[in-house]
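Comments concern the structure below.
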Amino acid sequence: MAEEREVSVLVGGRAGDGINNAGALVARLMSRLGYRIYLYFDYPSLIRGGHNFAVIRAATREVGTCREKVDFVLALNQETVTRHQGMVHDGTAFVFNADLVKSEGQGIPVKAILAAEQAPEIMGNSVMIGGFAKAAGIEWAQVEDVFRAALPKGTDLNLKVARRAYDQLAVVRKIPERGSPPLSLVTGNEAIGLGLIRGGLDAYVSYPMTPSSSLLHFLAGEKEKFGITVVHPENEIAVVLMGLGFAYAGKKAAVGTSGGGFCLMTEGLSLAGMAELPLVFVVSQRTGPSTGLPTYTGQSELQFVLHAGQGEFPRLIVAPGDAGEALAWSAIALDIAWQFQVPAFILPDKTLSEGTYSVDTAALPSREDGPAGPGRAASPSLPYRRYADMPDGVSPPAFPGTPGAVVKVNSYAHDEYGYTTEEGDMVSLMTEKRLRKQEALARAMNTFPQVNVLGKADAPVALLCWGSTKGVSAEVGDALGLRVVQPVVLEPFPTTQLRVALSGTTKLICVEENATGQLAAIASEYGIAVDEEIFRYDGRPFTYESLLAKVQEVIL
Amino acid sequence: MAEEREVSVLVGGRAGDGINNAGALVARLMSRLGYRIYLYFDYPSLIRGGHNFAVIRAATREVGTCREKVDFVLALNQETVTRHQGMVHDGTAFVFNADLVKSEGQGIPVKAILAAEQAPEIMGNSVMIGGFAKAAGIEWAQVEDVFRAALPKGTDLNLKVARRAYDQLAVVRKIPERGSPPLSLVTGNEAIGLGLIRGGLDAYVSYPMTPSSSLLHFLAGEKEKFGITVVHPENEIAVVLMGLGFAYAGKKAAVGTSGGGFCLMTEGLSLAGMAELPLVFVVSQRTGPSTGLPTYTGQSELQFVLHAGQGEFPRLIVAPGDAGEALAWSAIALDIAWQFQVPAFILPDKTLSEGTYSVDTAALPSREDGPAGPGRAASPSLPYRRYADMPDGVSPPAFPGTPGAVVKVNSYAHDEYGYTTEEGDMVSLMTEKRLRKQEALARAMNTFPQVNVLGKADAPVALLCWGSTKGVSAEVGDALGLRVVQPVVLEPFPTTQLRVALSGTTKLICVEENATGQLAAIASEYGIAVDEEIFRYDGRPFTYESLLAKVQEVIL
Amino acid sequence: MTGRNLITDVQNTWCPGCGNFTIQHTLKALLDGWEKEGRSLDNVVLVSGIGCHAKIADYLNINSFYSLHGRTIPVATGIKLANPDLTVICCCGDGDCYAEGLDHLVFAAKRNIDITVIVHDNRVYGLTTGQYTPTSPLGFKGKSTPSGTAELPLNPVELMLACGATFIARGYTKKMDQLKTLIREGVAHKGFSFIDVLQICATFFPAADYYTPRVYEPADHDPADFQKACLLAREWDYNSDARIALGVLYRKSMPGFGERVAVPNRTASEREQAVRDIIAARI
Amino acid sequence: MTGRNLITDVQNTWCPGCGNFTIQHTLKALLDGWEKEGRSLDNVVLVSGIGCHAKIADYLNINSFYSLHGRTIPVATGIKLANPDLTVICCCGDGDCYAEGLDHLVFAAKRNIDITVIVHDNRVYGLTTGQYTPTSPLGFKGKSTPSGTAELPLNPVELMLACGATFIARGYTKKMDQLKTLIREGVAHKGFSFIDVLQICATFFPAADYYTPRVYEPADHDPADFQKACLLAREWDYNSDARIALGVLYRKSMPGFGERVAVPNRTASEREQAVRDIIAARI
Ligand SMILES: Cc1ncc(C[n+]2csc(CCOP(=O)(O)OP(=O)(O)O)c2C)c(N)n1
Ligand SMILES: Cc1ncc(C[n+]2csc(CCOP(=O)(O)OP(=O)(O)O)c2C)c(N)n1
Ligand code: SF4
Ligand code: SF4
Ligand SMILES: [Mg+2]
Ligand SMILES: [Mg+2]
C-alpha cells in the first residue's frame, strides 16, 4: 500500500458494464473493514461503449478526493490497463477479466465461471468482485454479507459465481481490518434528498439534467416511503413555477437541475424573491459554459446563482463540502427558506452529487421537534395581509384554505395585502422590507457555524475553498501544515465568521474548480483579499497530488 | 423662469390622451428655440384612464434629468393640477382644458374650438399646444413649422384649431429664443436602433417587453428603409436562439428585452459564449424584482447581466448615459461583438429608453469605412477549423455556404473543428483560448475612452455613476464643484481608465438607482472602494434637486 | 369567510368597453352563487398571468397568485397537486398561454390536471399596447408587425382537441349568461377544462361587429362526439370568415393526473424512520 | 466541397442496435445523392439538439449547429431567415422538441418556415438514461417514474395537423428506404416539413417487436386529404394497440414565412442615408 492507513482501488470497463455498481460493491467491502470511503465515478456522456472508471479510496481519515496512484486495478476491459498506466505503482495488484484483457496480475476466466453456474452475463461483475475480495484478503463472510445487503435479487447465484473466482485467486495485498464500526455509504445527491426529507419536504419537482438527475431518481424511487409528491414536468420553467405553486399552497418544495436548466428557472427565482415564496433550488454544477461537459465537474455557477433573476432580493446559498454536510445543510436550507420566505440554494457539483462518501449517522442531529420556523401559521389576523410589514421584514404566512384569509401573492410591486401598486412610497417601503429581511436572514445564519476551519487551525498560510474541494484541501492542508477555511454558507456572505476564521493569516490561497476565481472575487468585494489563486477547469476534480503540487508552488 | 437659462413644462392628462405626443410637440417647439431638451414620460402600466404626465426641460446646457419645479403646466385633466401641486412655483403659468379642469391661469374651451372647426376629438391636444405656444410667446411660424414636421396627416386642420387657441390666449412667460441651431430629438431606444443600424445590423429579434418594446416598434416600422429582418417570435427563448441562428449564418443580429425576458435568454447567452457566436443583447432595465413596476426605471440588472449564463466566458457590457452615447456605443457594441465573437450587452433603463434627448448629429462619427472587424471573412484555410486556436483567442470566422468549409459550432466542449470533446486537455485549451479572448477584448476596449469625467474634473470629491444617471450627476457635480465619473463600459471592467479618472479623489460617492449598490460592489471587487452610496429605488429617476440634497448630506 | 365583498377596492383600469369586465362579473356572479350554496370561497384560488386580463387578480377578493407572463398553468398545477381540495382557476391571456407559455397548456391538457383555464382571448397583446398574438388573423397590423403579420393564426380549440383536453368550450364576452354556464361547468368538470373566451379588446381589437352576427350555439351538439367537435372546431379557423360555434364543444371523463400521482401521507416519524432505514441499509 | 468523406472521424458512441444509425445512414445516402446531382453540400446545415440523436452533428461531415436541448427549431429558423439559400435540417429528439421545446415546433408549423424537422422519436430520454418523454405510453416505468407515468402520450402527428404543418410524415428506423424517401420529400417540400421517426432505442425502449408487425403504408392515401390524414393520425395514438401508418400523411402548398417577411436589400450608404434622414426629421 502507498501508505499504511489507506488503499485505493480502480475499477474500469466499458460504459454499460455497470462500473458504478461494481465500484459501489468494492467501496462497501472496504467500508466494512472499518475505513472511511470516497468513491469517484468518471464516465463520458454516452450510454454504451466508451470508457468508465471508478476510483475507490479507503482511509482511516475522512476522505473526499482521490490519490493519483492506486493499489488495485480491477480491469473489465483492456483500456483500464492501457489508459491508467500512470496510476499504477510497483506494488499495484491487477485483477482482470481474462476473456477480454491481457495484463500482468491475476486473470479471471469470467465466461467459464458464468457458464459453469449457468449464470447470466450481467453477473460478470460479481465474479470480478469475488476475485478482488480474495486478492485483497477479505474474508468470505464479508463478501457474503455485502452481497446479501446490496444484491437482494439473485443473491445466491451471484455469490456462487463470486465464490468461484474467490477460490481461484490468491491473496496479493491484504487490506487490514481497522476494527472501527462501518459507516454508511451515501452519494451527495442521496444525502441532499435525505436532508430535504428531514427538513420536511413535501414535493420535489425536477427535469432530468446531469448531475442532478440522480436526486430525481432517488426521490422518485422512495416517494411512497417518504410520502412526497415527485413531478417531472415538461421543462424547467414548469418545474420552478410548479414549485412556487406548492409553496403558495403551503407545501415545502424543492427543485433540482444543473446550470443550463437553472437558466430557465431564473425568471421564477425572481418571482420567488418578489412574491416572498420559499423554494429550495438544488443546482448541481458541471463544466460549462453551455452544454459543456455534462458528466464532469466544475464550480462556475456561484456568481450566476448569486445574481440570477432580475432585481434585488434576499437568498440563501449553501455549498456543502461532502455528503455529511449535504445531509445536514439541506435540511437547514429548507428550514431557512420557510422561516424567511426566501429562495434557498444548495450548490453541489458533479463531484459531490455523484461521489460516494462515508457518513456518520451518529452525528445526525435529531429533528424530532419538527421543522423550525413559522412554516404553518395558526390563524392569522384578519383582514389578512400577506406582506404585513414586520420589523424583521418577515410577514406571518397563511395559505389558501385558511378560514377568512384572502391570500394574495403578486409578482408586481405590491402593498401589504398583495395588491399591485405603482406608488413610489409603497415600492420603497416594500424594498426596504426585503432589505430588512436580508439582514434578519444574515443574523439568523450567523447563529450557525457557517465556516469550517480544517488543517492546522492557527497556521499563517491558509487555503480558502468551497464545496467539494473541502476534502482535498483539508488533506493538503494537513500534509503541509496549512490552515484550511471553507465557508459553507456563501450568501448572505459570512464576512464576520470568515474574518475570524482567517484571523492571523499572512497568505491566502484560493482553490477553485473554475477559471476566474469566483469565491475570490466575492471575498474581495467584502474586503478579503486573496493572494494566490489555484484553478482547475478541465472537468476533473483536484486529486490530492495535483493540488499538493500547485499549493507547494505558490507557498515557496 | 426658475433660472434664466432654462424652462420646464409639465403636460398631464389621462392615459390614452396622447400625453407622450403632446409632450413631444412641446419639446420640439422649445428645441426649435435653440434649447437642449430632456423629456421624461411617466405612465402607469395600463391602457386608458390613470394619470400620465411628461416633463419637458429645455436648457442651454445638455440635460438628462428633470427639475422638481416647472414653469408651465399644461393640464388636460384635473389630476394634473391637484397631483403636481408640489411642482409649482409662484410664477408657474397654467394652461388648461377648461372643459375638464378648474384652475388658475388660462383655460381653453377645447370642445368649442373643435366644434367650430368640426375637428375630431383627438385634435384636442393640438388646441392645447396652440394655447401653450401663445402663453410661452412662441412665434406662430414656429408652431406651423413644427406641426408640419410632426403631424403629416391632417396638418391644416390641426393648425386651424391650434391657431384658435393661440389667438385666444395671452403671452404669460415668454421663452426667449437662444439663437443656436436646433438639434434633433431622439429617444434612447431610437438612438440604440439607429446605432445598431450604423453598426451593420441585419436582423432584430424581440418579444415585446416594456421598456424595450419601443425599440422593436421603431425597427419594425423602419425595416424596409434599413433592409433589416425584424422578427417577433413566440417567446424570448426563441428570440435568443433565432438571433444565434442569424449569427451562425453570418448575419449581424440583436435581441431586445427587459429583465424578465432576459431570464429566458440566459441559456442562449451561455451558448453564445461557448459557441463563440456574436450577438447583441439590449436589456432595458425597469424596477424589479419580477414583474415589478413595468413602466418605471431601475438599475438593478448590472450584476445579473454580468454573471448570467452557466459557466465562464467573455462578454461586453456598455451602459450609455444618454441618447447620444446610445447612438455611438450601440454601433461599437455590434462591432466588438463581431470582432471578438462574443455576446455584447447594451444596458439602458426606462429613463434612457423612453426619455427624449437632444442629439448633436454633427458629432456623429462617420461609418463610411463600414463595420470594423473580421465580420465577413474571405476564403478560410481548409479544412476549416471554426475554433482555430489563435494567439488572441479569436478564430477566423466563416459561415455556411463558404465553398469547402464545413462550419461546425457546438454547445458542448469541443476541439478546434467544433467536434465534441471530453478530453481534459482540450477542455483546458479551449477555456484558455476564451480567457485570452477576454484579455484581447479588454485591450481593444482600452483604446476607446470608456470612462467619462464630467463636472469639475480635478475635484477631490467624486460622484461615481453609470447609465442614465449621467445627466443628473453631471448637473449636481457642476453645481457643487464635484468630479463626476461615469464608466460607459462596465465589462471588461475598465479598471485602468477608472483609476486614472479617479486619481486624486479623497472621497467617492456612488450614485445608483437600485437598493444594494451594484456598481459599488463591482468597483470594490477591483479594489476601488466607495465611501458613500446614494440609492433611489422607487422607480423614479433622480431629479436634480433630489440628488443634490442627498449629495449635500453626505459631503457635509 | 362568507358575505365578503367580492370586488376589492383596487381602482379598475380596464378601458371602457373592455370585455374583461364581463369575465370579472361572470366570475363574481359564480362566486356569489357558490357562497350562497354554502361552498367556502376560502378554497378557491385564482391564478393569473401578466397582461390586461391578469388584473382580475387585483379586482376579485379571493385568494390569488398574480404570476408571470405565460406561467399561470404550471403555478396552478403546483397548487392543485399541493392541495387537491382547492378549486383552481386560471385567467390567462392569449399572448400568455398561446405564445409565451404554450407548452404548459398542451401538457395540462395531456395530463388532465383538474384546473380550469379561462383564456381572455382578445387576439392581441393588450397591456403591451397592441402587438399580434397567435390568434391574430393573417396580416394583422400590430406595433411589431406594422406591415401585417406573416403567419396564420393558431386554432386553440383544434389544438386542445389534438392534445387530449377533456373539457373544451368557447365563450364570448357579449354572451355573459352562456359564459357563466361554461365556466360553471368547466369548474365542475373533474379534470382539465379549457375555455377560450372571445374577449373584446375595445382599444386594439374591437371585433364585436365581426363576432356578434357570426356566433351561434350549435343545436343538438353532443359534446361527447369527438368527430363532431373537430368539425365545429375547424368551421371557424380564427382567420377566414365563417360561423363561430360557442358552447361546450367537447367533454369526456378520464382519470386526472392528481389522482394518479397521489402518494400516501407519512407522519414526521415515519419519514424519519424511512431516512434512518435507508441510511442503515447503506452500511 | 465535393467528394468529401461524409462521415467524420469522431468515434461513434451510439449503442449497438440503435436506430440512430439508420437515420445517419439515410442522411448520408441522401447527401451523397445530392452531391452526385451536383448540388453543393456547402449549403446544407444540420441543426441538432442535445441527446443521443444530437450526436449526429458530430458524425456527419456537413455544416452543423449542435445547439441546446429543445432549441433546434428556433436556431434553424434564424439560419433560414438569415440565408434562404441554405437547406436547413433539424435532427431533434422527442424529449427535445415534444417536451422542452414544444412551442417552437408548434410555431414553426404555424409559420410554415421552410425547414425540415426530423424527430428521432425513441419515446424516451436516451442520453439522460431513460426517463419518459411526451410520447412514452401511459404507465411507462422510467427512472423519474419508477411506478409508471401518470399521463397519456401526446400524438405528435395529430398535433402537427392541428397546427397547420404543411408536410407531415412518419417513418421507422427499420424501414430505411422509405425513410429516405420521406426525408428527401420533406427537404424538397417548400415550407415546414415534419417527420416523426419511430426510432429504436436499443437500451431503454427496444420496441421493434412491437412496431414491426404493426407498421404499414396505407394504400392509395392522398396526402392532400386532410380528413383522411386525421383519421390515419388517430388510428394509432402512441398508446393503445393499433396499426401504425407510415409515409407522407399530409401535404399542402402554402406561402412560407421567409418569403412573407423578406425585406429589400439595402446598401451601407442607403442605410446611412436612412439613419441621417430619420435623425434630420426629428429636428
Ligand atoms: C417574460 C416576459 N415577456 C414579456 C413580458 C411583457 N408582457 C407583459 S403582458 C404581455 C402580453 C400580454 O398579452 P396577453 O397575454 O394577450 O394579455 P392581454 O394584455 O391581452 O390581456 C407581455 C408581452 C413579460 N411581462 N414577461
Ligand atoms: C435545459 C436542459 N435541460 C435538461 C438537459 C439534460 N438533457 C440532455 S439530453 C436530454 C434528453 C434527451 O432526450 P431526447 O430529446 O428524447 O433525446 P435522446 O437522447 O432520446 O435522443 C436531457 C433532458 C439539458 N441538456 N438542458
Ligand atoms: S387594452 Fe384592450 S384588453 Fe386591455 S383593458 Fe383596454 S380594452 Fe381591455
Ligand atoms: S440509449 Fe438508446 S437512443 Fe441512445 S444511443 Fe443507446 S440505443 Fe440509441
Ligand atoms: Mg391578449
Ligand atoms: Mg428520445
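Lettering and numbering for the C-alpha cells are positional, with chains as A, B, ... in the shown order, residues counted from 1 in each chain, and ligands counted from 1 in the shown order.
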
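Using only C-alpha atoms and all ligand atoms as the basis for the distance check, residues found within 7 Å of ligand 4 are Ile47 and Arg48 of chain A; Thr13, Trp14, Cys15, Pro16, Gly17, Cys18, Gly19, Asn20, Cys52, His53, Asn122, Gly126, Leu127, Thr129, Ile200, Cys201, Ala202, Thr203 and Phe204 of chain D.
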
Can you write out the residues you just picked, keeping N, CA, C and O atoms, as a CSV table (one decimal), in the first residue's frame?
```csv
chain,number,residue,atom,x,y,z
A,47,ILE,N,-24.2,6.1,-23.6
A,47,ILE,CA,-24.9,5.1,-22.9
A,47,ILE,C,-24.1,3.8,-22.9
A,47,ILE,O,-24.0,3.1,-21.9
A,48,ARG,N,-23.5,3.4,-24.0
A,48,ARG,CA,-22.8,2.1,-24.1
A,48,ARG,C,-21.5,2.4,-24.8
A,48,ARG,O,-21.4,3.3,-25.6
D,13,THR,N,-20.6,6.7,-30.6
D,13,THR,CA,-20.9,6.1,-29.3
D,13,THR,C,-22.3,5.8,-29.1
D,13,THR,O,-22.8,5.7,-28.0
D,14,TRP,N,-23.1,5.6,-30.2
D,14,TRP,CA,-24.4,5.0,-30.0
D,14,TRP,C,-24.3,3.6,-29.6
D,14,TRP,O,-23.4,2.8,-30.0
D,15,CYS,N,-25.3,3.1,-28.9
D,15,CYS,CA,-25.4,1.7,-28.5
D,15,CYS,C,-25.5,0.8,-29.8
D,15,CYS,O,-26.2,1.2,-30.8
D,16,PRO,N,-25.0,-0.4,-29.7
D,16,PRO,CA,-25.3,-1.4,-30.8
D,16,PRO,C,-26.8,-1.5,-31.0
D,16,PRO,O,-27.5,-1.6,-30.0
D,17,GLY,N,-27.3,-1.5,-32.2
D,17,GLY,CA,-28.7,-1.7,-32.5
D,17,GLY,C,-29.5,-0.4,-32.4
D,17,GLY,O,-30.7,-0.5,-32.6
D,18,CYS,N,-28.9,0.7,-32.1
D,18,CYS,CA,-29.6,2.0,-32.0
D,18,CYS,C,-30.1,2.4,-33.4
D,18,CYS,O,-29.4,2.4,-34.4
D,19,GLY,N,-31.4,2.8,-33.4
D,19,GLY,CA,-32.0,3.3,-34.6
D,19,GLY,C,-31.3,4.6,-35.2
D,19,GLY,O,-31.5,4.9,-36.4
D,20,ASN,N,-30.5,5.3,-34.4
D,20,ASN,CA,-29.9,6.5,-34.9
D,20,ASN,C,-29.0,6.2,-36.0
D,20,ASN,O,-28.7,7.0,-36.9
D,52,CYS,N,-29.0,11.7,-27.4
D,52,CYS,CA,-28.3,10.7,-28.3
D,52,CYS,C,-28.5,11.1,-29.7
D,52,CYS,O,-27.5,11.1,-30.5
D,53,HIS,N,-29.7,11.4,-30.2
D,53,HIS,CA,-29.9,11.8,-31.5
D,53,HIS,C,-29.0,12.9,-32.0
D,53,HIS,O,-28.5,12.9,-33.2
D,122,ASN,N,-37.6,8.2,-30.1
D,122,ASN,CA,-37.4,6.9,-29.5
D,122,ASN,C,-38.3,6.7,-28.2
D,122,ASN,O,-38.1,5.7,-27.5
D,126,GLY,N,-33.0,9.3,-24.0
D,126,GLY,CA,-31.9,8.3,-24.1
D,126,GLY,C,-30.7,8.8,-23.3
D,126,GLY,O,-30.2,8.1,-22.4
D,127,LEU,N,-30.2,9.9,-23.7
D,127,LEU,CA,-28.8,10.3,-23.1
D,127,LEU,C,-28.9,10.5,-21.6
D,127,LEU,O,-27.9,10.3,-20.9
D,129,THR,N,-30.4,8.7,-19.7
D,129,THR,CA,-30.5,7.3,-19.2
D,129,THR,C,-31.9,6.9,-18.8
D,129,THR,O,-32.1,6.1,-17.9
D,200,ILE,N,-35.7,3.2,-32.9
D,200,ILE,CA,-35.5,2.2,-31.9
D,200,ILE,C,-34.4,2.6,-30.9
D,200,ILE,O,-33.3,3.0,-31.4
D,201,CYS,N,-34.7,2.6,-29.7
D,201,CYS,CA,-33.7,2.8,-28.6
D,201,CYS,C,-33.4,1.4,-28.1
D,201,CYS,O,-34.3,0.8,-27.4
D,202,ALA,N,-32.3,0.9,-28.5
D,202,ALA,CA,-32.0,-0.5,-28.1
D,202,ALA,C,-31.9,-0.7,-26.6
D,202,ALA,O,-32.2,-1.7,-26.0
D,203,THR,N,-31.5,0.4,-25.9
D,203,THR,CA,-31.3,0.2,-24.5
D,203,THR,C,-32.5,0.5,-23.6
D,203,THR,O,-32.8,-0.2,-22.7
D,204,PHE,N,-33.3,1.6,-23.9
D,204,PHE,CA,-34.3,2.0,-23.0
D,204,PHE,C,-35.7,1.8,-23.5
D,204,PHE,O,-36.7,1.9,-22.8
```

**Request:** Report as number ranges by chain which protein, DNA and RNA residues come within 6 Å of ligand 5, using only C-alpha atoms and all ligand atoms.
**Result:** C: 93-95, 121-126

**Request:** Determine which residues of chain D sit within 6 Å of chain B, taking into account only C-alpha atoms, and present them as a PyMOL selection string.
**Result:** chain D and resi 1+42-43+58+62-67+74-75+78-79+82+263-266+271+282-283

**Asked** Could you pull the residues within 8 Å of segment 104-107 of chain D, counting only C-alpha atoms, minus those fewer than 2 positions along the same chain, as an MDAnalysis selection string?
**Response** (chainID B and resid 234 238) or (chainID D and resid 71 73:74 97:98 101:102 109:111 160 163)

Next, write the just-selected residues to a file, as a PDB file, in the first residue's frame, keeping C-alpha atoms as the atom set.
```pdb
ATOM      1  CA  GLU B 234     -43.303  33.095 -29.751  1.00  0.00           C
ATOM      2  CA  ALA B 238     -36.970  31.636 -29.441  1.00  0.00           C
TER       3      ALA B 238
ATOM      4  CA  ARG D  71     -33.892  24.537 -29.198  1.00  0.00           C
ATOM      5  CA  ILE D  73     -36.105  24.835 -34.280  1.00  0.00           C
ATOM      6  CA  PRO D  74     -35.581  28.498 -33.400  1.00  0.00           C
ATOM      7  CA  CYS D  97     -38.966  19.013 -29.273  1.00  0.00           C
ATOM      8  CA  TYR D  98     -42.112  17.492 -27.745  1.00  0.00           C
ATOM      9  CA  GLY D 101     -39.141  22.990 -26.748  1.00  0.00           C
ATOM     10  CA  LEU D 102     -42.631  22.028 -27.865  1.00  0.00           C
ATOM     11  CA  ALA D 109     -45.603  24.683 -38.253  1.00  0.00           C
ATOM     12  CA  LYS D 110     -47.828  27.706 -37.829  1.00  0.00           C
ATOM     13  CA  ARG D 111     -45.342  29.935 -39.670  1.00  0.00           C
ATOM     14  CA  MET D 160     -48.981  18.908 -36.241  1.00  0.00           C
ATOM     15  CA  CYS D 163     -51.062  23.385 -36.004  1.00  0.00           C
TER      16      CYS D 163
END
```

**Message:** Would you mind listing, as number ranges by chain, all residues of chain D that have at least one atom within 8 Å of chain C, where only C-alpha atoms are what counts?
**Reply:** D: 99, 101-103, 110-112, 150-155, 158-159, 162-164, 257, 260-261

Within 12 Å of ligand 2, which residues of chain A come that close, and what is the closest atom pair and distance in Å for each? Count only C-alpha atoms and all ligand atoms and give it as JSON lines.
```
{"residue": "A:Ser45", "atom": "CA", "partner": "ligand 2", "partner_atom_place_in_ligand_line": "8 (C)", "distance": 9.5}
{"residue": "A:Leu46", "atom": "CA", "partner": "ligand 2", "partner_atom_place_in_ligand_line": "19 (O)", "distance": 9.2}
{"residue": "A:Ile47", "atom": "CA", "partner": "ligand 2", "partner_atom_place_in_ligand_line": "19 (O)", "distance": 9.4}
{"residue": "A:Ser206", "atom": "CA", "partner": "ligand 2", "partner_atom_place_in_ligand_line": "4 (C)", "distance": 9.7}
{"residue": "A:Tyr207", "atom": "CA", "partner": "ligand 2", "partner_atom_place_in_ligand_line": "4 (C)", "distance": 6.4}
{"residue": "A:Pro208", "atom": "CA", "partner": "ligand 2", "partner_atom_place_in_ligand_line": "23 (C)", "distance": 4.9}
{"residue": "A:Met209", "atom": "CA", "partner": "ligand 2", "partner_atom_place_in_ligand_line": "6 (C)", "distance": 3.9}
{"residue": "A:Thr210", "atom": "CA", "partner": "ligand 2", "partner_atom_place_in_ligand_line": "6 (C)", "distance": 6.3}
{"residue": "A:Pro211", "atom": "CA", "partner": "ligand 2", "partner_atom_place_in_ligand_line": "6 (C)", "distance": 9.2}
{"residue": "A:Ser212", "atom": "CA", "partner": "ligand 2", "partner_atom_place_in_ligand_line": "6 (C)", "distance": 9.5}
{"residue": "A:Ser213", "atom": "CA", "partner": "ligand 2", "partner_atom_place_in_ligand_line": "6 (C)", "distance": 8.7}
{"residue": "A:His232", "atom": "CA", "partner": "ligand 2", "partner_atom_place_in_ligand_line": "23 (C)", "distance": 10.5}
{"residue": "A:Pro233", "atom": "CA", "partner": "ligand 2", "partner_atom_place_in_ligand_line": "23 (C)", "distance": 10.9}
{"residue": "A:Glu234", "atom": "CA", "partner": "ligand 2", "partner_atom_place_in_ligand_line": "23 (C)", "distance": 9.9}
{"residue": "A:Asn235", "atom": "CA", "partner": "ligand 2", "partner_atom_place_in_ligand_line": "3 (N)", "distance": 7.1}
{"residue": "A:Glu236", "atom": "CA", "partner": "ligand 2", "partner_atom_place_in_ligand_line": "1 (C)", "distance": 6.9}
{"residue": "A:Ile237", "atom": "CA", "partner": "ligand 2", "partner_atom_place_in_ligand_line": "1 (C)", "distance": 9.4}
{"residue": "A:Ala238", "atom": "CA", "partner": "ligand 2", "partner_atom_place_in_ligand_line": "1 (C)", "distance": 11.7}
{"residue": "A:Val239", "atom": "CA", "partner": "ligand 2", "partner_atom_place_in_ligand_line": "3 (N)", "distance": 10.9}
{"residue": "A:Gly256", "atom": "CA", "partner": "ligand 2", "partner_atom_place_in_ligand_line": "4 (C)", "distance": 10.7}
{"residue": "A:Thr257", "atom": "CA", "partner": "ligand 2", "partner_atom_place_in_ligand_line": "3 (N)", "distance": 7.6}
{"residue": "A:Ser258", "atom": "CA", "partner": "ligand 2", "partner_atom_place_in_ligand_line": "3 (N)", "distance": 7.8}
{"residue": "A:Gly259", "atom": "CA", "partner": "ligand 2", "partner_atom_place_in_ligand_line": "1 (C)", "distance": 8.2}
{"residue": "A:Gly260", "atom": "CA", "partner": "ligand 2", "partner_atom_place_in_ligand_line": "1 (C)", "distance": 4.9}
{"residue": "A:Gly261", "atom": "CA", "partner": "ligand 2", "partner_atom_place_in_ligand_line": "1 (C)", "distance": 4.0}
{"residue": "A:Phe262", "atom": "CA", "partner": "ligand 2", "partner_atom_place_in_ligand_line": "1 (C)", "distance": 7.6}
{"residue": "A:Cys263", "atom": "CA", "partner": "ligand 2", "partner_atom_place_in_ligand_line": "1 (C)", "distance": 7.7}
{"residue": "A:Leu264", "atom": "CA", "partner": "ligand 2", "partner_atom_place_in_ligand_line": "1 (C)", "distance": 7.0}
{"residue": "A:Met265", "atom": "CA", "partner": "ligand 2", "partner_atom_place_in_ligand_line": "1 (C)", "distance": 9.7}
{"residue": "A:Arg286", "atom": "CA", "partner": "ligand 2", "partner_atom_place_in_ligand_line": "25 (N)", "distance": 11.2}
{"residue": "A:Gly288", "atom": "CA", "partner": "ligand 2", "partner_atom_place_in_ligand_line": "25 (N)", "distance": 11.4}
{"residue": "A:Pro289", "atom": "CA", "partner": "ligand 2", "partner_atom_place_in_ligand_line": "25 (N)", "distance": 11.8}
{"residue": "A:Ser290", "atom": "CA", "partner": "ligand 2", "partner_atom_place_in_ligand_line": "25 (N)", "distance": 8.6}
{"residue": "A:Thr291", "atom": "CA", "partner": "ligand 2", "partner_atom_place_in_ligand_line": "25 (N)", "distance": 6.1}
{"residue": "A:Gly292", "atom": "CA", "partner": "ligand 2", "partner_atom_place_in_ligand_line": "25 (N)", "distance": 9.4}
{"residue": "A:Leu293", "atom": "CA", "partner": "ligand 2", "partner_atom_place_in_ligand_line": "25 (N)", "distance": 10.2}
{"residue": "A:Pro294", "atom": "CA", "partner": "ligand 2", "partner_atom_place_in_ligand_line": "25 (N)", "distance": 7.7}
{"residue": "A:Thr295", "atom": "CA", "partner": "ligand 2", "partner_atom_place_in_ligand_line": "6 (C)", "distance": 10.7}
```

**Item:** Which of segment 51-191 of chain A DSSP labels strand (DSSP E), written as JSON, numbers by chain
**Value:** {"A": [51, 52, 53, 54, 55, 56, 57, 58, 59, 70, 71, 72, 73, 74, 75, 88, 89, 90, 91, 92, 93, 94, 95, 96, 97, 106, 107, 108, 184, 185, 186, 187]}

**Prompt:** So how far away is atom CA of Ala319 of chain A from atom CA of Asn21 of chain A, in Å?
**Reply:** 26.8 Å

**Asked** In Å, how far is it from atom CA of Ala281 of chain D to atom CA of Val7 of chain B?
**Response** 23.8 Å

**Prompt:** So what do you get for atom CA of Thr495 of chain B versus atom CA of Tyr526 of chain B, distance-wise?
**Reply:** 7.0 Å

**Counting only C-alpha atoms, the option among A:Pro449, A:Gly50, A:Gly539, A:Gly481 closest to chain B** = A:Gly539

Each residue of segment 506-542 of chain B lying at most 9 Å from segment 430-447 of chain A should get a row with its shortest atom-to-atom pair and the distance in Å to one decimal, counting only C-alpha atoms; could you produce that, ordered by chain and increasing number, as CSV?
```
residue,atom,partner,partner_atom,distance
B:Ala515,CA,A:Thr431,CA,7.6
B:Thr516,CA,A:Leu435,CA,8.7
B:Tyr537,CA,A:Thr431,CA,7.6
B:Asp538,CA,A:Thr431,CA,8.4
```

**Request:** Mind checking which residues fall within 7 Å of Val101 of chain A, counting only C-alpha atoms, ignoring those fewer than 3 positions away in the same chain, and posting them as a list in words?
**Result:** Asn77, Gln78, Phe96, Asn97 and Ala98 of chain A

**Message:** Can you tell me which residues surround Gln299 of chain A at a distance of at most 12 Å, considering only C-alpha atoms, apart from same-chain residues fewer than 5 positions away, and format the answer as a PyMOL selection string?
**Reply:** (chain A and resi 258-259+283-289+304-305+319+347-352+465-469+511-519+535-542) or (chain B and resi 310-312)

**Message:** Just want the 12 Å neighbourhood of Pro176 of chain A, counted on only C-alpha atoms, with same-chain residues fewer than 4 positions away dropped. Output as a PyMOL selection string.
**Reply:** chain A and resi 1+4-7+29-35+58-60+136-139+180
